[in-house]
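What follows is a short report on a single structure.
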Amino acid sequence: MGAGEMWWNVFASKACQFLRALGSVMVLIVLGLVGLTYYTTVSLVYGPLAGTDTNDGRFATAVLVIYHVLILMVLWSYFACVLTEPGKVPDGWTPPQEDEEAALGKSNSEKLRRFCRKCSAWKPERCHHCSVCGRCVLKMDHHCVWVANCVGAYNYKFFLLFLLYTFVATVFDAVVLLGPFVDFFRDLDASGHGGGGGGGGGDQASGFVEVNDELNGGQQAGRGGGMAAVFVTFVLDVAFAASLLGFIIMHANLNLSNMTTIEMYEKKKTLPWRYNVGARKNFEEVFGKNPWLWFLPYHSTDQLRRLLDISRVSGGTYPEMRSDGLDPAGEPTRAGDSPRGMPPGNTCAKCI
């Protein structure tokens with residue numbers, strides 16, 4: 001091993017340790033950002049107005065109901081992604097035989113027989129080793145420091161829902177904070193010119209300014225603190241919404257093409273992409289067949305079994321396949337199909 005290669009291995013190892021430690025911090029940062037938007041939107045802006053019998057009060061109540069639903073879905077999706085096992089390779093998994101000549105034209109992800117030297121075990125097709133987590137992950141997409149976890153076969157749906165709900169929540173929060181954001185600066189500008197809200201500023205001010213003036217006793221310090229919170233929250237909402245939009249577009253395209261982020265860089269080697277079986281089936285592979293569950297961060301037992309089988313499209317086997325409800329002699333499941341071992345056309349209540 002050369003000095004350059006040794007230096008790179010040490011650097012990579014330290015980088016993985018840093019990312020592993022950073023994960024817990026990022027979870028706290030995410031919760032802190034949610035807490036900031038909650039304080040600004042609920043406690044500071046719309047909470048005091050919700051109890052008043054006015055148009056502003058009724059509007060504030062509607063805003064709070066929608067906001068709480070969105071925040072609930074954001075946190076549910078987030079912790080589902082953080083806490084869900086992304087895709088453990090079954091113990092004793094063994095790949096099928098493969099023609100060496102046929103394997104030459106395939107990308108690394110598509111090869112049937114691949115051995116992970118770090119795990120000292122075979123790894124299935126589309127499976128990759130995560131140096132941060134220190135294990136192989138089925139249909140690994142990437143390691144995400146924001147969720148302190150790998151994104152793989154079992155939690156990719158939760159990751160996509162987290163992106164979607166966070167985007168909707170930040171856009172909604174920015175829209176409902178836009179009025180208070182503008183009004184608070186208008187009121188502050190009027191006060192700074194000695195107008196006391198005159199020149200039309202007081203008549204046009206929102207209920208947010210009036211209620212917070214009462215809560216703060218008309219003190220400028222109270223106004224300044226509220227203005228700072230609204231300003232920071234609004235800017236963060238806009239920044240996160242803009243950045244998330246790009247990620248959502250990218251992952252929507254990947255999902256409808258049945259491709260992972262890692263495979264995106266290998267696709268140019270193997271066109272057409274063999275896993276692409278049509279947008280509808282590609283979507284159902286990740287989200288399931290039941291439309292009622294598409295937008296919930298939840299997998300039924302049958303969908304988990306389908307994901308487990310789809311992650312081994314190579315047709316490999318392992319000792320506990322039958323206990324998992326899979327038929328070792330059956331053909332591997334393809335996107336949109338029922339898992340091996342299930343009767344064709346099964347439409348049981350749990351099946352998605």
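Here, A, B, ... name the chains of the structure tokens in the order displayed, residue numbers run from 1 inside each chain, and ligands are numbered from 1 in the same displayed order.
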
Legend entry - All residues 8 Å or closer to segment 38-43 of chain A, only C-alpha atoms, same chain fewer than 4 positions away omitted, as a list in words: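 After dropping sequence-adjacent residues, the list is Val34, Gly47, Pro48, Leu64, Asp173, Leu177, Gly226, Ala229, Val230 and Thr233 of chain A.
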
Legend entry - Using only C-alpha atoms: which of A:Ala80, A:Met259, A:Cys144, A:Cys133 has the shortest distance to Asn282 of chain A: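 Nearest to Asn282 of chain A: A:Met259.
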
Inset, instruction - May I have the residues within 9 Å of segment 109-122 of chain A as a list of chain:residue names, using only C-alpha atoms and disregarding those fewer than 3 positions away in the same chain? - result: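 Listing them by chain and then by number gives A:Val89, A:Asp91, A:Gly92, A:Trp93, A:Thr94, A:Pro95, A:Pro96, A:Gln97, A:Glu98, A:Ala103, A:Leu104, A:Lys106, A:Glu125, A:Arg126, A:Cys127, A:His128, A:His129, A:Gly134, A:Arg135, A:Cys136, A:Ile262, A:Glu263, A:Glu266, A:Arg274, A:Ser314, A:Gly315, A:Gly316.
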
Inset, instruction - For segment 147-155 of chain A, please output as JSON, numbers by chain all residues within 6 Å (counting only C-alpha atoms; exclusion window: fewer than 3 positions along the same chain). - result: {"A": [23, 81, 82, 86, 87, 138, 139, 140, 141, 142, 143, 144, 158]}

Legend entry - Given only C-alpha atoms as the counted atoms, nearest of A:Leu304, A:Leu36, A:Leu163, A:Leu254 to Thr84 of chain A: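 With only C-alpha atoms as the atom set, the closest residue is A:Leu304.
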
Legend entry - d(atom CA of Ala252 of chain A, atom CA of Ala279 of chain A) in Å: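 Interatomic distance here is 10.3 Å.
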
Legend entry - Ala242 of chain A environment, 12 Å, only C-alpha atoms, sequence neighbours closer than 6 positions dropped, as a ChimeraX atom specification: /A:163,166-168,170-171,174,235-236,248-249

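By chain and then residue number, the residues within 6 Å of segment 25-29 of chain A are Leu22, Gly32 and Trp146 of chain A, counting only C-alpha atoms and disregarding those fewer than 3 positions away in sequence.
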
Inset, instruction - Kindly indicate which residue among A:Val182, A:Leu296, A:Val137, A:Val65 lies nearest to Leu164 of chain A, using only C-alpha atoms for the distances. - result: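 Counting only C-alpha atoms, the residue closest to Leu164 of chain A is A:Leu296.
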
Inset, instruction - Among the residues of segment 49-128 of chain A, find those DSSP assigns to alpha helix (DSSP H) from the backbone and print them as a PyMOL selection string. - result: chain A and resi 49-50+55-83+100-104

Inset, instruction - Between A:Ala169, A:Val45, A:Leu293, A:Ala50, single out the one closest to His68 of chain A, counting only C-alpha atoms. - result: A:Ala169

Legend entry - Minimum-distance residue to Pro180 of chain A, chosen among A:Phe231, A:Ala62, A:Gly35, A:Gln303 (using only C-alpha atoms):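 Smallest distance to Pro180 of chain A is found for A:Phe231.
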